[in-house]
Amino acid sequence: MNPIRRALISVSDKNGIVELAQKLSRIGVEIVSTGGTRRVLTEAGLPVIGVSEVTGFPEILDGRVKTLHPRIHAGLLAVRDEEEHIRQLNEHNIPLFDLVVVNLYPFEETVAQPRVTREAAIENIDIGGPSMVRAAAKNHRYVTVVVDPDDYGTVLDQAAQGGVRQETRERLAAKAFRHTAAYDALIAQYLTENAGESHPEKWTVTFNKAQDLRYGENPHQPAAFYRDPLPRKGTLAEAEQLHGKALSYNNINDANAALEIVSEFDRPAAVAVKHMNPCGVGVEETAAGAFRKAYESDPVSIFGGIVALNRTVDLETARKMKEIFLEIVLAPDFEEEALAVLKEKKNLRLLRLGEFPDERKAAPRIQTVSGGALIQAEDKKRIRREDCTVPTRRKPTEEEWEQLLFAWKVVKHVKSNAIVLARNSRTVGVGAGQMNRVGAARIAVEQAGKEAVGSVLASDAFFPMKDTVETAAQAGVTALIQPGGSIRDQESIDEADRRGLAMVFTHTRHFKH
Ligand SMILES: NC(=O)c1ncn([C@@H]2O[C@H](COP(=O)(O)O)[C@@H](O)[C@H]2O)c1NC=O
């Protein structure tokens, strides 16, 4: 147990600080503070020593230098069991600090503001605060460090009982280093993004915990959801849950997949997702029409699915949704009557995105692997008709072009190897995550059944052989879209020509694993 005799308090966010200082003062703790903090405490009638009185030096450079002084840092870092350290402190008349209470300049809040200037951001980089926190945390054998008001109570209780326990000091030191590491990571992230660097030599992003989850992908896997400290409008992490049970790990993952797919479309679109793959996607003139199409795509798989819309959910759509069992409905907004209808379903989770920006900031994709991490840019590439070439004799009709580009947007989000069959702006068959391409095609064709006739087929990567063209043709598919680029492209082109199919090359691959 380490008794608290002297505390160094320097906080930007002054909430709760007067109460803490009052209680410390009551148990006989001497308080030393920086300018603004001292003023607040003095105004509350507390006896406080100014940092300048300890350092014998004024706070200068608009506060850029206040606690950065040997008379502060020696008092934090001295090893108290080392005679020589104590002798040196005595020689220079340096006081020891037993407790450091610091919260830092609000860098996160500053850069979260919409039109923050670089100057404002830089001025909110705290230097003296993290130095004190790190010094105290390093020397936690003797010093207690507090960076979070949630810990005031524990420290006060223990201080009142004679001193702060070792395990508390260790826990608070770890928390302090997490705090300064996250603080610096955000500064590094801000400056790195501003410098336009995408894959720097060190990867130092930080996330704040949004919520604990009951478990991860399976009940024996502990899990939590973390959010980017910077506001990313229109993202899942920013969505507001309006109703229903708490989200699970799999819910969040699936909802994210649904959001990514529905964001591809400018026209009203609805997407139903199961296990990270779309089981139904529909585009129509209205939200209700889009949802009806997504439902008709695969009325079996949508059961227990996650549905995302890129338009406000209206009463008509809500009524249709209510007829089936869904886990989540995610949309930019809900009309009041629609909300009332959907809320009748006790467990249905309703997520409001607020806005639905056309171009969201691409977030890097991080995949941990044994001993490391793979980091890549998000696949934000969108294909336009002008990007494509048509190697077959027959060119797609206007209707086929529309359906091919629709299917292409969907196949981009299906796990590889991926094949999507579409007709009338809705999916009719999805073959996902197969180990060979023709296998995915067969699944999609089988699922489509009669609806394969007159449909189009999209493939996320090139045809290594002509077998997918054969499978498609036999099922009644009339046009195909694929990246092209196989050394055996000509065989697929010849096969398509022989059967009168139109084929489009996008020259872009959309693997998704
Ligand atoms: N420069 C310094 O020596 C310094 N020492 C402490 N600070 C910060 O100043 C803030 C408190 O200032 P004040 O008590 O004057 O309101 C705290 O967020 C603290 O982390 C400093 N400010 C920035 O680096």
# chains A, B, ... in the order shown; residues from 1 in each chain; ligands from 1
>>> residues_near_ligand(ligand="ligand 1", cutoff="10 Å", atoms="only C-alpha atoms and all ligand atoms", output="PyMOL selection string")
chain A and resi 9-14+33-41+50-51+59-69+72+101-106+123-133+147
>>> write_last_selection(atoms="C-alpha atoms", output="tab-separated table (two decimals), in the first residue's frame")
chain	number	residue	atom	x	y	z
A	9	ILE	CA	-3.56	17.36	-10.79
A	10	SER	CA	-3.64	18.73	-14.35
A	11	VAL	CA	-6.82	18.18	-16.30
A	12	SER	CA	-8.40	19.59	-19.44
A	13	ASP	CA	-11.81	18.13	-18.69
A	14	LYS	CA	-12.52	19.54	-15.25
A	33	SER	CA	-1.89	21.97	-10.06
A	34	THR	CA	-1.38	23.70	-13.41
A	35	GLY	CA	-2.91	27.11	-14.20
A	36	GLY	CA	-6.49	26.37	-15.26
A	37	THR	CA	-6.95	23.45	-12.91
A	38	ARG	CA	-5.55	25.41	-10.01
A	39	ARG	CA	-7.93	28.27	-10.71
A	40	VAL	CA	-10.97	25.96	-10.63
A	41	LEU	CA	-9.83	24.32	-7.40
A	50	GLY	CA	0.79	26.14	-8.37
A	51	VAL	CA	3.16	24.11	-10.54
A	59	GLU	CA	4.14	28.50	-17.43
A	60	ILE	CA	5.26	29.77	-20.84
A	61	LEU	CA	4.56	29.57	-24.59
A	62	ASP	CA	0.76	29.69	-24.17
A	63	GLY	CA	0.86	26.61	-21.95
A	64	ARG	CA	3.08	24.59	-24.26
A	65	VAL	CA	5.55	24.37	-21.38
A	66	LYS	CA	4.19	24.12	-17.83
A	67	THR	CA	5.01	20.78	-16.22
A	68	LEU	CA	7.92	19.87	-18.50
A	69	HIS	CA	10.50	20.47	-15.80
A	72	ILE	CA	8.20	17.78	-11.66
A	101	VAL	CA	-4.40	12.86	-12.07
A	102	VAL	CA	-4.27	13.96	-15.69
A	103	ASN	CA	-6.57	14.08	-18.66
A	104	LEU	CA	-5.19	15.26	-21.93
A	105	TYR	CA	-5.96	18.05	-24.41
A	106	PRO	CA	-9.05	16.90	-26.34
A	123	GLU	CA	-2.47	22.83	-30.86
A	124	ASN	CA	-4.51	20.09	-29.20
A	125	ILE	CA	-1.62	17.65	-29.14
A	126	ASP	CA	-0.80	17.39	-25.45
A	127	ILE	CA	2.89	17.01	-24.65
A	128	GLY	CA	3.27	17.71	-20.96
A	129	GLY	CA	0.26	15.60	-19.95
A	130	PRO	CA	1.38	12.33	-21.58
A	131	SER	CA	4.91	12.92	-20.22
A	132	MET	CA	3.56	13.04	-16.66
A	133	VAL	CA	1.26	10.09	-17.25
A	147	VAL	CA	-6.45	9.13	-16.42
>>> residues_around(residues="Lys345 of chain A", least_positions_apart="6", cutoff="12 Å", atoms="only C-alpha atoms", output="PyMOL selection string")
chain A and resi 243-245+318-319+321-329+338-339
>>> closest_residue(among="A:Asn2, A:Gln22, A:Gln474, A:Thr117", to="His140 of chain A", atoms="only C-alpha atoms")
A:Asn2
>>> select_by_dssp(residues="segment 381-458 of chain A", states="alpha helix (DSSP H)", output="ChimeraX atom specification")
/A:398-411,437-448
>>> write_last_selection(atoms="N, CA and C atoms", output="compact mmCIF listing (two decimals), in the first residue's frame")
# COMPACT_ATOMS: atom_id res chain seq x y z
N GLU A 398 -29.76 -3.66 -74.49
CA GLU A 398 -29.81 -2.65 -73.42
C GLU A 398 -30.26 -3.28 -72.10
N GLU A 399 -31.29 -4.13 -72.17
CA GLU A 399 -31.80 -4.77 -70.96
C GLU A 399 -30.71 -5.67 -70.35
N GLU A 400 -30.00 -6.41 -71.23
CA GLU A 400 -28.94 -7.27 -70.70
C GLU A 400 -27.83 -6.45 -70.03
N TRP A 401 -27.49 -5.32 -70.64
CA TRP A 401 -26.46 -4.46 -70.02
C TRP A 401 -26.88 -4.08 -68.60
N GLU A 402 -28.14 -3.68 -68.47
CA GLU A 402 -28.62 -3.24 -67.15
C GLU A 402 -28.51 -4.38 -66.14
N GLN A 403 -28.93 -5.56 -66.59
CA GLN A 403 -28.91 -6.71 -65.67
C GLN A 403 -27.48 -7.16 -65.36
N LEU A 404 -26.62 -7.08 -66.38
CA LEU A 404 -25.22 -7.49 -66.16
C LEU A 404 -24.53 -6.58 -65.14
N LEU A 405 -24.77 -5.28 -65.28
CA LEU A 405 -24.12 -4.36 -64.33
C LEU A 405 -24.71 -4.50 -62.93
N PHE A 406 -26.01 -4.82 -62.87
CA PHE A 406 -26.64 -5.09 -61.57
C PHE A 406 -25.98 -6.33 -60.93
N ALA A 407 -25.89 -7.41 -61.70
CA ALA A 407 -25.33 -8.66 -61.18
C ALA A 407 -23.86 -8.47 -60.78
N TRP A 408 -23.17 -7.63 -61.54
CA TRP A 408 -21.75 -7.39 -61.24
C TRP A 408 -21.59 -6.72 -59.87
N LYS A 409 -22.50 -5.77 -59.58
CA LYS A 409 -22.43 -5.08 -58.28
C LYS A 409 -22.65 -6.06 -57.13
N VAL A 410 -23.48 -7.06 -57.38
CA VAL A 410 -23.76 -8.02 -56.32
C VAL A 410 -22.61 -9.03 -56.17
N VAL A 411 -22.12 -9.53 -57.29
CA VAL A 411 -21.12 -10.60 -57.21
C VAL A 411 -19.84 -10.13 -56.51
N ARG A 437 -15.04 -22.77 -59.76
CA ARG A 437 -15.98 -21.78 -60.31
C ARG A 437 -17.24 -22.44 -60.86
N VAL A 438 -17.02 -23.55 -61.58
CA VAL A 438 -18.20 -24.17 -62.18
C VAL A 438 -19.13 -24.71 -61.09
N GLY A 439 -18.55 -25.08 -59.96
CA GLY A 439 -19.35 -25.54 -58.82
C GLY A 439 -20.27 -24.43 -58.34
N ALA A 440 -19.72 -23.21 -58.26
CA ALA A 440 -20.52 -22.05 -57.85
C ALA A 440 -21.62 -21.80 -58.88
N ALA A 441 -21.27 -21.96 -60.16
CA ALA A 441 -22.25 -21.74 -61.24
C ALA A 441 -23.38 -22.76 -61.13
N ARG A 442 -23.02 -24.00 -60.86
CA ARG A 442 -24.07 -25.05 -60.77
C ARG A 442 -25.04 -24.75 -59.62
N ILE A 443 -24.48 -24.29 -58.49
CA ILE A 443 -25.34 -23.97 -57.34
C ILE A 443 -26.30 -22.82 -57.70
N ALA A 444 -25.74 -21.80 -58.35
CA ALA A 444 -26.56 -20.64 -58.71
C ALA A 444 -27.67 -21.04 -59.68
N VAL A 445 -27.32 -21.88 -60.65
CA VAL A 445 -28.29 -22.33 -61.66
C VAL A 445 -29.38 -23.17 -61.00
N GLU A 446 -28.95 -24.05 -60.13
CA GLU A 446 -29.92 -24.93 -59.47
C GLU A 446 -30.90 -24.09 -58.64
N GLN A 447 -30.36 -23.12 -57.94
CA GLN A 447 -31.22 -22.28 -57.10
C GLN A 447 -32.19 -21.46 -57.96
N ALA A 448 -31.71 -21.01 -59.10
CA ALA A 448 -32.55 -20.19 -59.97
C ALA A 448 -33.69 -21.01 -60.58
>>> residues_around(residues="Lys138 of chain A", least_positions_apart="6", cutoff="12 Å", atoms="only C-alpha atoms", output="JSON, numbers by chain")
{"A": [73, 76, 77, 78, 79, 130, 131, 132, 144, 145, 169, 170, 172, 173, 174, 175, 176, 177]}
>>> write_last_selection(atoms="N, CA and C atoms", output="PDB file, in the first residue's frame")
ATOM      1  N   HIS A  73       9.351  16.126 -12.987  1.00  0.00           N
ATOM      2  CA  HIS A  73       9.585  14.750 -13.462  1.00  0.00           C
ATOM      3  C   HIS A  73      10.492  13.949 -12.538  1.00  0.00           C
ATOM      4  N   LEU A  76       8.408  12.495  -9.932  1.00  0.00           N
ATOM      5  CA  LEU A  76       7.570  11.374 -10.399  1.00  0.00           C
ATOM      6  C   LEU A  76       8.396  10.111 -10.603  1.00  0.00           C
ATOM      7  N   LEU A  77       9.655  10.306 -11.015  1.00  0.00           N
ATOM      8  CA  LEU A  77      10.433   9.150 -11.481  1.00  0.00           C
ATOM      9  C   LEU A  77      11.417   8.577 -10.460  1.00  0.00           C
ATOM     10  N   ALA A  78      11.614   9.267  -9.370  1.00  0.00           N
ATOM     11  CA  ALA A  78      12.625   8.804  -8.402  1.00  0.00           C
ATOM     12  C   ALA A  78      12.287   7.411  -7.865  1.00  0.00           C
ATOM     13  N   VAL A  79      13.311   6.574  -7.773  1.00  0.00           N
ATOM     14  CA  VAL A  79      13.146   5.256  -7.156  1.00  0.00           C
ATOM     15  C   VAL A  79      13.359   5.459  -5.654  1.00  0.00           C
ATOM     16  N   PRO A 130       0.913  13.713 -21.389  1.00  0.00           N
ATOM     17  CA  PRO A 130       1.381  12.334 -21.582  1.00  0.00           C
ATOM     18  C   PRO A 130       2.743  12.078 -20.918  1.00  0.00           C
ATOM     19  N   SER A 131       3.591  13.121 -20.858  1.00  0.00           N
ATOM     20  CA  SER A 131       4.906  12.923 -20.224  1.00  0.00           C
ATOM     21  C   SER A 131       4.722  12.585 -18.747  1.00  0.00           C
ATOM     22  N   MET A 132       3.820  13.319 -18.091  1.00  0.00           N
ATOM     23  CA  MET A 132       3.562  13.037 -16.661  1.00  0.00           C
ATOM     24  C   MET A 132       2.922  11.668 -16.483  1.00  0.00           C
ATOM     25  N   THR A 144       0.731   6.446  -8.123  1.00  0.00           N
ATOM     26  CA  THR A 144      -0.569   6.054  -8.678  1.00  0.00           C
ATOM     27  C   THR A 144      -0.938   7.035  -9.773  1.00  0.00           C
ATOM     28  N   VAL A 145      -1.357   6.511 -10.925  1.00  0.00           N
ATOM     29  CA  VAL A 145      -1.715   7.399 -12.031  1.00  0.00           C
ATOM     30  C   VAL A 145      -3.180   7.179 -12.412  1.00  0.00           C
ATOM     31  N   ARG A 169      -2.404  -0.051  -8.551  1.00  0.00           N
ATOM     32  CA  ARG A 169      -1.403   0.787  -9.244  1.00  0.00           C
ATOM     33  C   ARG A 169      -0.976   0.128 -10.548  1.00  0.00           C
ATOM     34  N   GLU A 170      -0.823  -1.194 -10.519  1.00  0.00           N
ATOM     35  CA  GLU A 170      -0.419  -1.915 -11.745  1.00  0.00           C
ATOM     36  C   GLU A 170      -1.501  -1.806 -12.809  1.00  0.00           C
ATOM     37  N   LEU A 172      -3.803   0.507 -13.060  1.00  0.00           N
ATOM     38  CA  LEU A 172      -3.917   1.890 -13.539  1.00  0.00           C
ATOM     39  C   LEU A 172      -2.744   2.273 -14.444  1.00  0.00           C
ATOM     40  N   ALA A 173      -1.574   1.691 -14.182  1.00  0.00           N
ATOM     41  CA  ALA A 173      -0.411   1.980 -15.035  1.00  0.00           C
ATOM     42  C   ALA A 173      -0.632   1.417 -16.433  1.00  0.00           C
ATOM     43  N   ALA A 174      -1.169   0.196 -16.497  1.00  0.00           N
ATOM     44  CA  ALA A 174      -1.453  -0.407 -17.806  1.00  0.00           C
ATOM     45  C   ALA A 174      -2.475   0.444 -18.548  1.00  0.00           C
ATOM     46  N   LYS A 175      -3.488   0.882 -17.802  1.00  0.00           N
ATOM     47  CA  LYS A 175      -4.535   1.714 -18.415  1.00  0.00           C
ATOM     48  C   LYS A 175      -3.946   3.037 -18.920  1.00  0.00           C
ATOM     49  N   ALA A 176      -3.021   3.583 -18.134  1.00  0.00           N
ATOM     50  CA  ALA A 176      -2.395   4.857 -18.507  1.00  0.00           C
ATOM     51  C   ALA A 176      -1.613   4.709 -19.807  1.00  0.00           C
ATOM     52  N   PHE A 177      -0.873   3.612 -19.936  1.00  0.00           N
ATOM     53  CA  PHE A 177      -0.114   3.423 -21.183  1.00  0.00           C
ATOM     54  C   PHE A 177      -1.054   3.141 -22.364  1.00  0.00           C
TER      55      PHE A 177
END
>>> closest_residue(among="A:Ala246, A:Ile383, A:Leu259, A:Val29", to="Leu213 of chain A", atoms="only C-alpha atoms")
A:Ala246
>>> residues_around(residues="segment 458-462 of chain A", least_positions_apart="6", cutoff="10 Å", atoms="only C-alpha atoms", output="JSON, numbers by chain")
{"A": [403, 404, 405, 406, 407, 408, 409, 410, 411, 412, 413, 414, 415, 416, 417, 418, 419, 420, 421, 422, 430, 431, 437, 440, 441, 468, 479, 480, 481, 482, 483, 484, 485, 486, 487, 488, 489, 492, 503, 504, 505, 506, 507, 508, 509, 510, 511, 512]}
>>> atom_distance(atom1="atom CA of Glu260 of chain A", atom2="atom CA of Gly305 of chain A")
15.4 Å
>>> residues_around(residues="Gln376 of chain A", least_positions_apart="4", cutoff="7 Å", atoms="only C-alpha atoms", output="mmCIF file with C-alpha atoms, in the first residue's frame")
data_model
loop_
_atom_site.group_PDB
_atom_site.id
_atom_site.type_symbol
_atom_site.label_atom_id
_atom_site.label_comp_id
_atom_site.auth_asym_id
_atom_site.auth_seq_id
_atom_site.Cartn_x
_atom_site.Cartn_y
_atom_site.Cartn_z
ATOM 1 C CA PRO A 364 -8.707 -0.260 -44.470
ATOM 2 C CA ARG A 365 -9.395 -3.977 -44.226
ATOM 3 C CA ILE A 366 -7.453 -5.753 -41.516
#
>>> decode(residues="segment 388-407 of chain A", atoms="N, CA and C atoms", output="PDB file, in the first residue's frame")
ATOM      1  N   CYS A 388     -15.886  -1.537 -69.849  1.00  0.00           N
ATOM      2  CA  CYS A 388     -15.984  -2.937 -70.279  1.00  0.00           C
ATOM      3  C   CYS A 388     -15.705  -3.098 -71.777  1.00  0.00           C
ATOM      4  N   THR A 389     -15.361  -4.320 -72.146  1.00  0.00           N
ATOM      5  CA  THR A 389     -15.264  -4.663 -73.577  1.00  0.00           C
ATOM      6  C   THR A 389     -16.129  -5.897 -73.820  1.00  0.00           C
ATOM      7  N   VAL A 390     -16.513  -6.091 -75.073  1.00  0.00           N
ATOM      8  CA  VAL A 390     -17.363  -7.235 -75.418  1.00  0.00           C
ATOM      9  C   VAL A 390     -16.627  -8.088 -76.459  1.00  0.00           C
ATOM     10  N   PRO A 391     -16.086  -9.230 -76.067  1.00  0.00           N
ATOM     11  CA  PRO A 391     -15.300 -10.030 -77.010  1.00  0.00           C
ATOM     12  C   PRO A 391     -16.141 -10.946 -77.898  1.00  0.00           C
ATOM     13  N   THR A 392     -17.431 -11.108 -77.564  1.00  0.00           N
ATOM     14  CA  THR A 392     -18.272 -12.043 -78.333  1.00  0.00           C
ATOM     15  C   THR A 392     -18.885 -11.348 -79.549  1.00  0.00           C
ATOM     16  N   ARG A 393     -19.349 -12.200 -80.495  1.00  0.00           N
ATOM     17  CA  ARG A 393     -19.975 -11.627 -81.698  1.00  0.00           C
ATOM     18  C   ARG A 393     -21.247 -10.871 -81.321  1.00  0.00           C
ATOM     19  N   ARG A 394     -22.047 -11.525 -80.437  1.00  0.00           N
ATOM     20  CA  ARG A 394     -23.285 -10.849 -80.055  1.00  0.00           C
ATOM     21  C   ARG A 394     -23.011  -9.859 -78.918  1.00  0.00           C
ATOM     22  N   LYS A 395     -23.507  -8.651 -79.076  1.00  0.00           N
ATOM     23  CA  LYS A 395     -23.351  -7.633 -78.027  1.00  0.00           C
ATOM     24  C   LYS A 395     -24.585  -7.690 -77.117  1.00  0.00           C
ATOM     25  N   PRO A 396     -24.434  -7.347 -75.846  1.00  0.00           N
ATOM     26  CA  PRO A 396     -25.624  -7.382 -74.968  1.00  0.00           C
ATOM     27  C   PRO A 396     -26.670  -6.374 -75.424  1.00  0.00           C
ATOM     28  N   THR A 397     -27.936  -6.719 -75.232  1.00  0.00           N
ATOM     29  CA  THR A 397     -29.006  -5.753 -75.484  1.00  0.00           C
ATOM     30  C   THR A 397     -28.985  -4.733 -74.349  1.00  0.00           C
ATOM     31  N   GLU A 398     -29.761  -3.661 -74.486  1.00  0.00           N
ATOM     32  CA  GLU A 398     -29.813  -2.647 -73.416  1.00  0.00           C
ATOM     33  C   GLU A 398     -30.264  -3.278 -72.103  1.00  0.00           C
ATOM     34  N   GLU A 399     -31.291  -4.132 -72.171  1.00  0.00           N
ATOM     35  CA  GLU A 399     -31.799  -4.774 -70.960  1.00  0.00           C
ATOM     36  C   GLU A 399     -30.709  -5.672 -70.354  1.00  0.00           C
ATOM     37  N   GLU A 400     -30.005  -6.406 -71.225  1.00  0.00           N
ATOM     38  CA  GLU A 400     -28.938  -7.272 -70.703  1.00  0.00           C
ATOM     39  C   GLU A 400     -27.832  -6.450 -70.031  1.00  0.00           C
ATOM     40  N   TRP A 401     -27.487  -5.319 -70.643  1.00  0.00           N
ATOM     41  CA  TRP A 401     -26.464  -4.458 -70.017  1.00  0.00           C
ATOM     42  C   TRP A 401     -26.882  -4.077 -68.600  1.00  0.00           C
ATOM     43  N   GLU A 402     -28.142  -3.678 -68.470  1.00  0.00           N
ATOM     44  CA  GLU A 402     -28.616  -3.241 -67.150  1.00  0.00           C
ATOM     45  C   GLU A 402     -28.506  -4.379 -66.136  1.00  0.00           C
ATOM     46  N   GLN A 403     -28.928  -5.560 -66.588  1.00  0.00           N
ATOM     47  CA  GLN A 403     -28.910  -6.708 -65.669  1.00  0.00           C
ATOM     48  C   GLN A 403     -27.478  -7.159 -65.364  1.00  0.00           C
ATOM     49  N   LEU A 404     -26.615  -7.080 -66.378  1.00  0.00           N
ATOM     50  CA  LEU A 404     -25.215  -7.493 -66.164  1.00  0.00           C
ATOM     51  C   LEU A 404     -24.535  -6.584 -65.139  1.00  0.00           C
ATOM     52  N   LEU A 405     -24.772  -5.282 -65.277  1.00  0.00           N
ATOM     53  CA  LEU A 405     -24.117  -4.356 -64.334  1.00  0.00           C
ATOM     54  C   LEU A 405     -24.715  -4.496 -62.930  1.00  0.00           C
ATOM     55  N   PHE A 406     -26.006  -4.820 -62.875  1.00  0.00           N
ATOM     56  CA  PHE A 406     -26.638  -5.091 -61.569  1.00  0.00           C
ATOM     57  C   PHE A 406     -25.983  -6.328 -60.931  1.00  0.00           C
ATOM     58  N   ALA A 407     -25.894  -7.412 -61.704  1.00  0.00           N
ATOM     59  CA  ALA A 407     -25.326  -8.659 -61.177  1.00  0.00           C
ATOM     60  C   ALA A 407     -23.860  -8.472 -60.782  1.00  0.00           C
TER      61      ALA A 407
END
